[in-house]
$ cat model_31.cif   # mmCIF, C-alpha atoms and all ligand atoms
data_data
loop_
_atom_site.label_atom_id
_atom_site.label_comp_id
_atom_site.auth_asym_id
_atom_site.auth_seq_id
_atom_site.Cartn_x
_atom_site.Cartn_y
_atom_site.Cartn_z
CA MET Y 1 5.30 13.74 19.49
CA SER Y 2 8.65 15.41 18.90
CA PHE Y 3 11.44 13.92 16.80
CA ASP Y 4 13.51 13.17 19.95
CA GLU Y 5 10.57 11.55 21.72
CA CYS Y 6 10.05 9.35 18.68
CA VAL Y 7 13.70 8.24 18.66
CA TYR Y 8 13.48 7.55 22.39
CA ALA Y 9 10.28 5.52 22.00
CA LEU Y 10 11.64 3.42 19.12
CA SER Y 11 14.83 2.73 21.08
CA ASN Y 12 12.74 1.53 24.02
CA HIS Y 13 10.50 -1.13 22.47
CA GLU Y 14 7.68 1.31 21.74
CA ILE Y 15 5.84 1.82 18.45
CA CYS Y 16 4.92 4.99 16.55
CA ILE Y 17 3.37 6.13 13.30
CA LEU Y 18 5.86 7.57 10.78
CA PRO Y 19 5.52 9.00 7.29
CA THR Y 20 7.15 7.32 4.28
CA GLU Y 21 6.99 8.40 0.64
CA THR Y 22 4.51 5.58 -0.12
CA VAL Y 23 2.08 5.33 2.83
CA TYR Y 24 2.34 5.90 6.59
CA GLY Y 25 4.02 3.08 8.53
CA LEU Y 26 3.49 1.68 12.02
CA ALA Y 27 7.14 1.60 13.06
CA CYS Y 28 9.12 -0.27 15.69
CA SER Y 29 12.60 -1.68 16.15
CA ALA Y 30 12.96 -4.72 13.90
CA LEU Y 31 15.19 -6.29 16.56
CA SER Y 32 12.74 -6.03 19.46
CA VAL Y 33 10.32 -8.95 19.73
CA GLU Y 34 8.41 -7.03 22.41
CA ALA Y 35 7.81 -4.11 20.01
CA ILE Y 36 7.06 -6.38 17.02
CA LEU Y 37 4.31 -8.13 18.99
CA LYS Y 38 2.79 -4.72 19.83
CA VAL Y 39 2.61 -3.92 16.10
CA TYR Y 40 0.86 -7.22 15.29
CA LYS Y 41 -1.59 -6.69 18.15
CA LEU Y 42 -2.46 -3.10 17.26
CA LYS Y 43 -2.93 -3.89 13.57
CA GLY Y 44 -4.84 -7.09 14.32
CA ARG Y 45 -2.49 -8.63 11.78
CA PRO Y 46 -2.36 -12.43 11.56
CA SER Y 47 0.98 -13.68 12.86
CA THR Y 48 1.35 -15.49 9.50
CA ASN Y 49 1.76 -12.19 7.60
CA PRO Y 50 5.38 -10.94 7.83
CA LEU Y 51 6.45 -7.30 8.26
CA ILE Y 52 8.68 -5.11 6.05
CA VAL Y 53 11.98 -3.94 7.53
CA HIS Y 54 13.27 -0.46 6.64
CA VAL Y 55 16.97 0.29 6.36
CA LEU Y 56 19.12 3.22 5.23
CA ASP Y 57 20.87 1.50 2.32
CA HIS Y 58 22.12 -1.76 0.83
CA TYR Y 59 24.98 -1.91 3.39
CA SER Y 60 22.46 -1.92 6.23
CA ALA Y 61 20.39 -4.47 4.30
CA GLU Y 62 23.45 -6.75 4.38
CA GLU Y 63 23.34 -6.74 8.19
CA ILE Y 64 19.93 -8.40 8.24
CA SER Y 65 19.69 -10.28 4.92
CA VAL Y 66 21.79 -12.29 2.48
CA THR Y 67 22.09 -9.90 -0.44
CA ASN Y 68 22.99 -10.90 -4.00
CA GLY Y 69 23.73 -9.48 -7.45
CA PHE Y 70 20.06 -8.77 -8.16
CA SER Y 71 19.58 -6.88 -4.88
CA ARG Y 72 22.73 -4.81 -5.45
CA LYS Y 73 21.58 -3.75 -8.92
CA LEU Y 74 18.05 -2.97 -7.79
CA ALA Y 75 19.15 -1.05 -4.70
CA TYR Y 76 21.58 0.95 -6.81
CA ALA Y 77 18.82 1.81 -9.28
CA PHE Y 78 15.81 2.34 -7.02
CA TRP Y 79 16.91 2.96 -3.39
CA PRO Y 80 16.05 4.96 -1.51
CA GLY Y 81 12.59 4.44 -2.90
CA PRO Y 82 9.42 2.36 -3.20
CA LEU Y 83 10.90 -1.08 -3.88
CA THR Y 84 10.87 -3.91 -1.31
CA LEU Y 85 13.27 -6.82 -1.76
CA ILE Y 86 12.58 -10.27 -0.33
CA LEU Y 87 15.93 -11.86 0.61
CA PRO Y 88 17.08 -14.76 2.79
CA LYS Y 89 17.15 -13.48 6.37
CA LYS Y 90 20.10 -13.45 8.73
CA LYS Y 91 19.91 -14.88 12.26
CA CYS Y 92 19.64 -11.50 13.98
CA VAL Y 93 16.16 -10.99 12.49
CA PRO Y 94 13.53 -12.30 14.94
CA SER Y 95 11.32 -14.99 13.42
CA GLU Y 96 8.29 -13.07 14.75
CA ILE Y 97 8.89 -10.42 12.10
CA THR Y 98 9.14 -12.88 9.22
CA ALA Y 99 6.21 -15.04 10.34
CA GLY Y 100 8.63 -17.93 10.66
CA LEU Y 101 9.85 -17.62 7.05
CA ASN Y 102 13.54 -17.83 6.19
CA SER Y 103 13.24 -14.64 4.17
CA VAL Y 104 12.84 -10.99 5.14
CA ALA Y 105 11.35 -8.02 3.26
CA VAL Y 106 13.76 -5.06 3.11
CA ARG Y 107 13.20 -1.52 1.86
CA SER Y 108 15.09 1.76 2.03
CA PRO Y 109 12.53 4.59 2.25
CA SER Y 110 13.28 8.01 0.74
CA HIS Y 111 11.14 10.11 3.09
CA PRO Y 112 13.54 12.53 4.84
CA THR Y 113 11.85 12.20 8.26
CA PHE Y 114 11.97 8.40 8.18
CA ARG Y 115 15.63 8.50 7.09
CA LYS Y 116 16.52 10.93 9.89
CA ILE Y 117 14.88 8.58 12.40
CA LEU Y 118 16.76 5.56 10.97
CA ASN Y 119 19.99 7.53 11.28
CA GLU Y 120 19.30 8.33 14.93
CA VAL Y 121 17.98 4.98 16.18
CA LYS Y 122 20.74 3.09 14.37
CA GLN Y 123 18.53 0.00 14.07
CA PRO Y 124 16.46 -1.43 11.24
CA LEU Y 125 12.80 -0.46 11.66
CA ALA Y 126 9.85 -2.68 10.90
CA ALA Y 127 6.91 -0.69 9.52
CA PRO Y 128 3.84 -2.23 7.97
CA SER Y 129 1.29 0.23 6.63
CA ALA Y 130 -0.31 2.13 9.53
CA ASN Y 131 -3.83 0.70 9.19
CA PRO Y 132 -5.77 -2.01 10.99
CA SER Y 133 -5.29 -5.26 9.05
CA ASN Y 134 -7.10 -5.35 5.68
CA LYS Y 135 -8.23 -1.73 5.91
CA ILE Y 136 -7.19 1.20 3.71
CA SER Y 137 -3.53 2.26 3.83
CA PRO Y 138 -3.22 5.83 5.20
CA THR Y 139 -1.44 8.44 3.07
CA ASN Y 140 -1.77 11.26 5.58
CA CYS Y 141 -1.36 11.38 9.33
CA LYS Y 142 -5.00 12.17 10.10
CA ASP Y 143 -6.21 9.00 8.34
CA ALA Y 144 -3.73 6.86 10.29
CA VAL Y 145 -4.72 8.44 13.61
CA THR Y 146 -8.44 8.11 12.86
CA ALA Y 147 -8.04 4.45 11.86
CA PHE Y 148 -6.62 3.48 15.27
CA GLY Y 149 -8.95 5.74 17.28
CA MET Y 150 -8.50 5.48 21.05
CA ASN Y 151 -5.63 3.02 20.62
CA CYS Y 152 -3.60 5.31 18.38
CA PRO Y 153 0.12 5.28 19.21
CA PRO Y 154 2.22 8.48 19.12
CA PHE Y 155 2.89 9.83 15.63
CA LEU Y 156 5.04 12.18 13.56
CA ASP Y 157 3.07 14.13 10.97
CA GLY Y 158 4.95 14.33 7.67
CA GLY Y 159 2.09 15.64 5.53
CA GLN Y 160 0.60 13.86 2.51
CA CYS Y 161 2.68 10.93 1.16
CA GLU Y 162 4.18 11.80 -2.20
CA ILE Y 163 3.49 8.46 -3.95
CA GLY Y 164 0.31 7.27 -2.23
CA ILE Y 165 0.42 3.49 -2.78
CA GLU Y 166 2.64 0.84 -1.20
CA SER Y 167 6.02 -0.22 -2.58
CA THR Y 168 6.52 -2.82 -5.28
CA VAL Y 169 7.54 -6.12 -3.64
CA ILE Y 170 9.95 -8.41 -5.50
CA ASP Y 171 11.07 -11.85 -4.36
CA LEU Y 172 14.79 -12.41 -4.88
CA THR Y 173 15.09 -15.67 -2.96
CA ALA Y 174 14.59 -18.00 -5.95
CA HIS Y 175 16.70 -18.48 -9.08
CA SER Y 176 14.54 -16.06 -11.03
CA PRO Y 177 13.03 -12.94 -9.45
CA SER Y 178 9.26 -12.53 -9.26
CA ILE Y 179 6.99 -9.63 -8.37
CA LEU Y 180 4.69 -10.32 -5.41
CA ARG Y 181 2.99 -6.90 -5.24
CA ILE Y 182 2.80 -4.45 -8.11
CA GLY Y 183 3.52 -0.86 -7.19
CA PRO Y 184 5.29 2.38 -8.06
CA ILE Y 185 8.35 0.68 -9.61
CA SER Y 186 7.22 -1.04 -12.81
CA LYS Y 187 8.01 -4.57 -13.95
CA SER Y 188 9.64 -3.22 -17.13
CA ALA Y 189 11.87 -0.79 -15.17
CA ILE Y 190 13.04 -3.72 -13.01
CA GLU Y 191 13.59 -5.93 -16.07
CA GLU Y 192 15.67 -3.22 -17.68
CA VAL Y 193 17.93 -2.97 -14.64
CA LEU Y 194 18.28 -6.74 -14.21
CA GLY Y 195 18.59 -7.44 -17.92
CA THR Y 196 16.25 -10.40 -17.57
CA GLU Y 197 12.54 -11.13 -17.77
CA ILE Y 198 10.77 -11.49 -14.46
CA GLN Y 199 7.53 -13.18 -13.44
CA SER Y 200 4.55 -11.68 -11.71
CA LYS Y 201 2.87 -13.65 -8.92
CA THR Y 202 0.38 -11.06 -7.81
CA GLY Y 203 -2.64 -13.36 -7.69
CA GLN Y 204 -4.65 -11.28 -10.16
CA LYS Y 205 -5.58 -14.16 -12.44
CA GLU Y 206 -7.91 -15.65 -9.86
CA LYS Y 207 -10.01 -12.52 -9.78
CA LYS Y 208 -13.04 -12.44 -12.10
CA ILE Y 209 -13.96 -9.01 -13.36
CA ASP Y 210 -15.33 -9.56 -16.88
CA THR Y 211 -18.36 -11.67 -16.07
CA GLU Y 212 -21.81 -10.34 -16.95
CA LYS Y 213 -23.24 -11.25 -13.59
CA PRO Y 214 -22.03 -9.54 -10.44
CA SER Y 215 -19.85 -11.84 -8.41
CA VAL Y 216 -19.08 -11.71 -4.75
CA SER Y 217 -15.43 -10.90 -4.51
CA PRO Y 218 -12.62 -10.85 -3.75
CA GLY Y 219 -11.62 -14.27 -2.50
CA LEU Y 220 -10.35 -14.48 1.03
CA GLY Y 221 -6.70 -14.36 0.08
CA LEU Y 222 -7.24 -11.32 -2.08
CA LYS Y 223 -9.23 -9.29 0.42
CA HIS Y 224 -7.30 -6.17 1.31
CA TYR Y 225 -7.50 -2.39 1.44
CA ALA Y 226 -11.22 -2.70 2.01
CA PRO Y 227 -13.37 0.29 2.98
CA SER Y 228 -16.22 -0.43 5.41
CA THR Y 229 -18.70 0.77 2.76
CA PRO Y 230 -19.33 -1.83 0.02
CA LEU Y 231 -17.27 -0.92 -3.07
CA TYR Y 232 -18.83 -1.79 -6.44
CA LEU Y 233 -16.17 -2.05 -9.14
CA TYR Y 234 -16.77 -1.89 -12.92
CA THR Y 235 -14.50 -2.85 -15.81
CA ASP Y 236 -14.84 0.62 -17.32
CA ILE Y 237 -16.33 3.99 -16.60
CA GLU Y 238 -19.14 3.72 -19.21
CA LYS Y 239 -20.32 0.51 -17.62
CA MET Y 240 -20.35 2.23 -14.25
CA LEU Y 241 -22.23 5.32 -15.41
CA ASN Y 242 -24.84 3.26 -17.27
CA SER Y 243 -25.29 0.70 -14.55
CA ASN Y 244 -28.69 0.22 -12.94
CA THR Y 245 -26.92 -0.50 -9.66
CA LEU Y 246 -26.42 3.26 -9.17
CA ILE Y 247 -28.92 4.54 -6.69
CA ARG Y 248 -29.66 8.06 -5.47
CA ASP Y 249 -27.19 9.19 -2.80
CA ASP Y 250 -24.48 6.67 -3.80
CA ILE Y 251 -20.84 7.75 -4.02
CA LEU Y 252 -19.03 7.76 -7.38
CA ILE Y 253 -15.26 7.92 -7.54
CA LEU Y 254 -14.17 9.42 -10.86
CA PRO Y 255 -10.73 10.01 -12.44
CA SER Y 256 -11.33 13.74 -12.99
CA PRO Y 257 -14.10 16.36 -13.43
CA ASN Y 258 -13.69 15.92 -17.21
CA VAL Y 259 -15.96 12.88 -17.00
CA MET Y 260 -19.42 13.90 -18.12
CA ILE Y 261 -22.12 12.84 -15.71
CA GLN Y 262 -25.51 13.03 -17.39
CA SER Y 263 -27.53 11.81 -14.49
CA HIS Y 264 -27.08 14.75 -12.11
CA LYS Y 265 -30.66 14.35 -11.08
CA LYS Y 266 -29.79 11.17 -9.24
CA ASN Y 267 -27.92 13.23 -6.72
CA PHE Y 268 -24.72 11.25 -6.44
CA THR Y 269 -21.85 12.32 -4.23
CA LEU Y 270 -18.87 12.71 -6.57
CA PHE Y 271 -15.20 12.35 -5.69
CA TYR Y 272 -12.46 13.18 -8.20
CA LEU Y 273 -9.07 11.47 -8.01
CA SER Y 274 -7.32 14.25 -9.93
CA SER Y 275 -7.91 17.55 -11.69
CA VAL Y 276 -7.00 16.37 -15.20
CA GLY Y 277 -6.60 12.57 -15.00
CA ASN Y 278 -2.84 12.58 -14.40
CA PRO Y 279 -1.68 9.07 -13.24
CA LYS Y 280 0.69 10.39 -10.54
CA GLU Y 281 -1.99 12.63 -9.08
CA ILE Y 282 -4.60 9.84 -9.23
CA THR Y 283 -2.21 7.48 -7.41
CA LYS Y 284 -1.27 10.06 -4.79
CA ASN Y 285 -4.93 10.82 -4.00
CA PHE Y 286 -6.36 7.31 -4.33
CA PHE Y 287 -6.29 5.99 -0.73
CA ARG Y 288 -7.09 9.44 0.73
CA ILE Y 289 -10.20 9.76 -1.45
CA LEU Y 290 -11.26 6.17 -0.75
CA ASN Y 291 -10.93 6.89 2.97
CA GLU Y 292 -12.89 10.14 2.67
CA ALA Y 293 -15.63 8.43 0.67
CA ASP Y 294 -15.78 5.64 3.24
CA SER Y 295 -16.06 8.11 6.13
CA LEU Y 296 -19.39 9.42 4.75
CA LYS Y 297 -20.90 6.03 5.69
CA LYS Y 298 -23.20 5.85 2.65
CA GLU Y 299 -24.74 2.66 1.27
CA ARG Y 300 -22.35 2.12 -1.66
CA ILE Y 301 -19.21 3.44 -3.33
CA HIS Y 302 -18.85 2.92 -7.09
CA ALA Y 303 -15.53 3.03 -8.98
CA SER Y 304 -14.17 1.75 -12.26
CA LEU Y 305 -10.87 0.28 -13.42
CA PHE Y 306 -8.45 2.42 -15.42
CA PRO Y 307 -8.18 1.34 -19.06
CA CYS Y 308 -4.65 2.37 -19.83
CA SER Y 309 -1.40 0.47 -19.43
CA ASP Y 310 0.30 3.11 -17.26
CA HIS Y 311 2.07 1.14 -14.52
CA LEU Y 312 0.87 3.39 -11.68
CA LEU Y 313 -2.74 3.02 -12.77
CA LEU Y 314 -2.27 -0.75 -13.07
CA ALA Y 315 -1.15 -0.70 -9.44
CA VAL Y 316 -4.21 1.39 -8.50
CA ASN Y 317 -6.38 -1.15 -10.39
CA ASP Y 318 -4.79 -3.89 -8.27
CA ARG Y 319 -5.80 -2.03 -5.06
CA LEU Y 320 -9.30 -1.43 -6.45
CA ARG Y 321 -9.78 -5.15 -7.17
CA ARG Y 322 -8.70 -6.04 -3.66
CA ALA Y 323 -10.96 -3.39 -2.14
CA ALA Y 324 -14.05 -4.38 -4.14
CA SER Y 325 -16.95 -6.22 -2.61
CA LYS Y 326 -18.66 -6.75 -5.99
CA CYS Y 327 -17.22 -6.71 -9.50
CA PHE Y 328 -19.27 -5.94 -12.66
O1 LIG Y 401 5.41 0.99 0.90
C1 LIG Y 401 5.39 0.07 1.72
O2 LIG Y 401 5.84 -1.05 1.48
C2 LIG Y 401 4.77 0.38 3.09
C3 LIG Y 401 5.61 1.45 3.77
C4 LIG Y 401 5.14 1.76 5.17
O3 LIG Y 401 6.95 1.08 3.73
N1 LIG Y 401 4.69 -0.80 3.89
C5 LIG Y 401 3.79 -1.80 3.64
O4 LIG Y 401 3.85 -2.84 4.54
O5 LIG Y 401 3.01 -1.77 2.72
P1 LIG Y 401 2.74 -3.98 4.63
O6 LIG Y 401 3.14 -4.81 5.81
O7 LIG Y 401 1.40 -3.40 4.66
O8 LIG Y 401 2.98 -4.83 3.33
C6 LIG Y 401 4.12 -5.66 3.23
C7 LIG Y 401 3.88 -6.78 2.29
C8 LIG Y 401 2.84 -7.72 2.79
O9 LIG Y 401 2.02 -8.10 1.72
C9 LIG Y 401 3.68 -8.90 3.31
O10 LIG Y 401 2.96 -10.10 3.22
C10 LIG Y 401 4.85 -8.89 2.35
O11 LIG Y 401 5.11 -7.52 2.13
N2 LIG Y 401 6.04 -9.53 2.95
C11 LIG Y 401 6.71 -9.15 4.06
N3 LIG Y 401 7.72 -10.02 4.32
C12 LIG Y 401 7.68 -10.97 3.36
C13 LIG Y 401 8.42 -12.15 3.08
N4 LIG Y 401 9.44 -12.52 3.85
N5 LIG Y 401 8.08 -12.89 2.00
C14 LIG Y 401 7.05 -12.51 1.22
N6 LIG Y 401 6.29 -11.40 1.42
C15 LIG Y 401 6.59 -10.65 2.48
MG MG Y 402 -0.55 -3.04 4.31
#
$ encode --input "model_31.cif" --output "structure tokens"
Amino acid sequence: MSFDECVYALSNHEICILPTETVYGLACSALSVEAILKVYKLKGRPSTNPLIVHVLDHYSAEEISVTNGFSRKLAYAFWPGPLTLILPKKKCVPSEITAGLNSVAVRSPSHPTFRKILNEVKQPLAAPSANPSNKISPTNCKDAVTAFGMNCPPFLDGGQCEIGIESTVIDLTAHSPSILRIGPISKSAIEEVLGTEIQSKTGQKEKKIDTEKPSVSPGLGLKHYAPSTPLYLYTDIEKMLNSNTLIRDDILILPSPNVMIQSHKKNFTLFYLSSVGNPKEITKNFFRILNEADSLKKERIHASLFPCSDHLLLAVNDRLRRAASKCF
């Protein structure tokens, strides 16, 4: 669809797929209950899971949420960009968007196309990731279109998303801020801006990964980003390569071609997340590669967690844990 058609659709209670710098979003007016319900229906998203609202800047955030000193500092430091702030909502925000909560998630995206659209429609835009609920977030237009198949809404193609994983989500509704979803903006960068320590409530502790025996995982609440193909996840790459769970024809997702695979004879299908193991490149390619691996419809995909403390790779590890069907 053209830019003008997209503006027209969004102004008339319709939904469309738009690019952001993190992942593609399924966008609609945040003030139209009719459009919001279409988004929930198309995604198959439980009505208990609230949507993110996108705005141009902190001034526009003030129109829909009760901002505070923390939000001002964070918006100044990181907006436009991949940081979502949870703030008390104002009355104009339909309760359908917040799943009945008194808070709303607000983010100012940096993608030029999304910003141009926001400028034209002059309304806040809700946009959850453009994937059916619990499936892989799309980082290019083709993946979003394929995911919705026959039911795909109109879309604007903005190429490959620059970042490749979803925004960091931070709750600013309580006395002390806490991170709800780790992402491209690190905890330490946020702490530096706020001048205070913050908590992390990302639910990782519940997830077993170190046990000797394979465990069925993740728990219901942690299930997310899942490919249709079972994903076997290992604590490190050595464990993966030496595992007797690897069977001929399986898919292996590797950080880069530098990883030495001795067992070529087993005829694995190999996917590389980057050319030299660069964290930004790995993050940018992660969901696209997972999607591509999934589309081959093989028996199993194998991947391993990243060992280092780079914050982007920690966020990729978080997505891997949520995508895994078995952890070793
Ligand atoms: O990067 C992103 O954030 C992308 C792009 C499209 O902007 N959007 C995205 O939306 O990832 P979604 O809906 O897939 O993830 C939003 C997350 C969900 O985990 C949701 O539960 C949480 O934010 N969330 C939304 N409103 C909330 C609220 N009021 N309180 C707590 N969590 C909230
Ligand atoms: Mg999502």
$ closest_residue --input "model_31.cif" --among "Y:Ser243, Y:Ser200, Y:Ser295, Y:Asn140" --to "Pro227 (chain Y)" --atoms "only C-alpha atoms"
Y:Ser295
$ closest_residue --input "model_31.cif" --among "Y:Pro94, Y:Pro132, Y:Pro19, Y:Pro50" --to "ligand LIG 401 (chain Y)" --atoms "all atoms listed in the file"
Y:Pro50
$ residues_near_ligand --input "model_31.cif" --ligand "ligand MG 402 (chain Y)" --cutoff "9 Å" --atoms "only C-alpha atoms and all ligand atoms" --output "JSON list (two decimals) with C-alpha atoms, in the frame of the given file"
[["chain", "number", "residue", "atom", "x", "y", "z"],
["Y", 23, "VAL", "CA", 2.08, 5.33, 2.83],
["Y", 25, "GLY", "CA", 4.02, 3.08, 8.53],
["Y", 128, "PRO", "CA", 3.84, -2.23, 7.97],
["Y", 129, "SER", "CA", 1.29, 0.23, 6.63],
["Y", 130, "ALA", "CA", -0.31, 2.13, 9.53],
["Y", 131, "ASN", "CA", -3.83, 0.70, 9.19],
["Y", 132, "PRO", "CA", -5.77, -2.01, 10.99],
["Y", 133, "SER", "CA", -5.29, -5.26, 9.05],
["Y", 134, "ASN", "CA", -7.10, -5.35, 5.68],
["Y", 135, "LYS", "CA", -8.23, -1.73, 5.91],
["Y", 136, "ILE", "CA", -7.19, 1.20, 3.71],
["Y", 137, "SER", "CA", -3.53, 2.26, 3.83],
["Y", 166, "GLU", "CA", 2.64, 0.84, -1.20],
["Y", 224, "HIS", "CA", -7.30, -6.17, 1.31],
["Y", 225, "TYR", "CA", -7.50, -2.39, 1.44]]
$ residues_near_ligand --input "model_31.cif" --ligand "ligand LIG 401 (chain Y)" --cutoff "9 Å" --atoms "all atoms listed in the file" --output "PDB file with C-alpha atoms, in the coordinates of the input"
ATOM      1  CA  LEU Y  18       5.860   7.570  10.780  1.00  0.00           C
ATOM      2  CA  PRO Y  19       5.520   9.000   7.290  1.00  0.00           C
ATOM      3  CA  THR Y  20       7.150   7.320   4.280  1.00  0.00           C
ATOM      4  CA  GLU Y  21       6.990   8.400   0.640  1.00  0.00           C
ATOM      5  CA  THR Y  22       4.510   5.580  -0.120  1.00  0.00           C
ATOM      6  CA  VAL Y  23       2.080   5.330   2.830  1.00  0.00           C
ATOM      7  CA  TYR Y  24       2.340   5.900   6.590  1.00  0.00           C
ATOM      8  CA  GLY Y  25       4.020   3.080   8.530  1.00  0.00           C
ATOM      9  CA  LEU Y  26       3.490   1.680  12.020  1.00  0.00           C
ATOM     10  CA  ALA Y  27       7.140   1.600  13.060  1.00  0.00           C
ATOM     11  CA  THR Y  48       1.350 -15.490   9.500  1.00  0.00           C
ATOM     12  CA  ASN Y  49       1.760 -12.190   7.600  1.00  0.00           C
ATOM     13  CA  PRO Y  50       5.380 -10.940   7.830  1.00  0.00           C
ATOM     14  CA  LEU Y  51       6.450  -7.300   8.260  1.00  0.00           C
ATOM     15  CA  ILE Y  52       8.680  -5.110   6.050  1.00  0.00           C
ATOM     16  CA  VAL Y  53      11.980  -3.940   7.530  1.00  0.00           C
ATOM     17  CA  HIS Y  54      13.270  -0.460   6.640  1.00  0.00           C
ATOM     18  CA  GLY Y  81      12.590   4.440  -2.900  1.00  0.00           C
ATOM     19  CA  PRO Y  82       9.420   2.360  -3.200  1.00  0.00           C
ATOM     20  CA  LEU Y  83      10.900  -1.080  -3.880  1.00  0.00           C
ATOM     21  CA  THR Y  84      10.870  -3.910  -1.310  1.00  0.00           C
ATOM     22  CA  LEU Y  85      13.270  -6.820  -1.760  1.00  0.00           C
ATOM     23  CA  ILE Y  86      12.580 -10.270  -0.330  1.00  0.00           C
ATOM     24  CA  LEU Y  87      15.930 -11.860   0.610  1.00  0.00           C
ATOM     25  CA  PRO Y  88      17.080 -14.760   2.790  1.00  0.00           C
ATOM     26  CA  LYS Y  89      17.150 -13.480   6.370  1.00  0.00           C
ATOM     27  CA  ILE Y  97       8.890 -10.420  12.100  1.00  0.00           C
ATOM     28  CA  THR Y  98       9.140 -12.880   9.220  1.00  0.00           C
ATOM     29  CA  ALA Y  99       6.210 -15.040  10.340  1.00  0.00           C
ATOM     30  CA  GLY Y 100       8.630 -17.930  10.660  1.00  0.00           C
ATOM     31  CA  LEU Y 101       9.850 -17.620   7.050  1.00  0.00           C
ATOM     32  CA  ASN Y 102      13.540 -17.830   6.190  1.00  0.00           C
ATOM     33  CA  SER Y 103      13.240 -14.640   4.170  1.00  0.00           C
ATOM     34  CA  VAL Y 104      12.840 -10.990   5.140  1.00  0.00           C
ATOM     35  CA  ALA Y 105      11.350  -8.020   3.260  1.00  0.00           C
ATOM     36  CA  VAL Y 106      13.760  -5.060   3.110  1.00  0.00           C
ATOM     37  CA  ARG Y 107      13.200  -1.520   1.860  1.00  0.00           C
ATOM     38  CA  SER Y 108      15.090   1.760   2.030  1.00  0.00           C
ATOM     39  CA  PRO Y 109      12.530   4.590   2.250  1.00  0.00           C
ATOM     40  CA  ALA Y 126       9.850  -2.680  10.900  1.00  0.00           C
ATOM     41  CA  ALA Y 127       6.910  -0.690   9.520  1.00  0.00           C
ATOM     42  CA  PRO Y 128       3.840  -2.230   7.970  1.00  0.00           C
ATOM     43  CA  SER Y 129       1.290   0.230   6.630  1.00  0.00           C
ATOM     44  CA  ALA Y 130      -0.310   2.130   9.530  1.00  0.00           C
ATOM     45  CA  ASN Y 131      -3.830   0.700   9.190  1.00  0.00           C
ATOM     46  CA  SER Y 133      -5.290  -5.260   9.050  1.00  0.00           C
ATOM     47  CA  ASN Y 134      -7.100  -5.350   5.680  1.00  0.00           C
ATOM     48  CA  SER Y 137      -3.530   2.260   3.830  1.00  0.00           C
ATOM     49  CA  GLY Y 164       0.310   7.270  -2.230  1.00  0.00           C
ATOM     50  CA  ILE Y 165       0.420   3.490  -2.780  1.00  0.00           C
ATOM     51  CA  GLU Y 166       2.640   0.840  -1.200  1.00  0.00           C
ATOM     52  CA  SER Y 167       6.020  -0.220  -2.580  1.00  0.00           C
ATOM     53  CA  THR Y 168       6.520  -2.820  -5.280  1.00  0.00           C
ATOM     54  CA  VAL Y 169       7.540  -6.120  -3.640  1.00  0.00           C
ATOM     55  CA  ILE Y 170       9.950  -8.410  -5.500  1.00  0.00           C
ATOM     56  CA  ASP Y 171      11.070 -11.850  -4.360  1.00  0.00           C
ATOM     57  CA  LEU Y 180       4.690 -10.320  -5.410  1.00  0.00           C
ATOM     58  CA  ARG Y 181       2.990  -6.900  -5.240  1.00  0.00           C
ATOM     59  CA  GLY Y 183       3.520  -0.860  -7.190  1.00  0.00           C
TER      60      GLY Y 183
END
$ residues_around --input "model_31.cif" --residues "Glu34 (chain Y)" --least-positions-apart "4" --cutoff "10 Å" --atoms "all atoms listed in the file" --output "mmCIF file with C-alpha atoms, in the coordinates of the input"
data_model
loop_
_atom_site.group_PDB
_atom_site.id
_atom_site.type_symbol
_atom_site.label_atom_id
_atom_site.label_comp_id
_atom_site.auth_asym_id
_atom_site.auth_seq_id
_atom_site.Cartn_x
_atom_site.Cartn_y
_atom_site.Cartn_z
ATOM 1 C CA ASN Y 12 12.740 1.530 24.020
ATOM 2 C CA HIS Y 13 10.500 -1.130 22.470
ATOM 3 C CA GLU Y 14 7.680 1.310 21.740
ATOM 4 C CA CYS Y 28 9.120 -0.270 15.690
ATOM 5 C CA SER Y 29 12.600 -1.680 16.150
ATOM 6 C CA ALA Y 30 12.960 -4.720 13.900
ATOM 7 C CA LYS Y 38 2.790 -4.720 19.830
ATOM 8 C CA VAL Y 39 2.610 -3.920 16.100
ATOM 9 C CA GLU Y 96 8.290 -13.070 14.750
#
$ atom_distance --input "model_31.cif" --atom1 "CA of Asn278 (chain Y)" --atom2 "CA of Gly195 (chain Y)"
29.5 Å
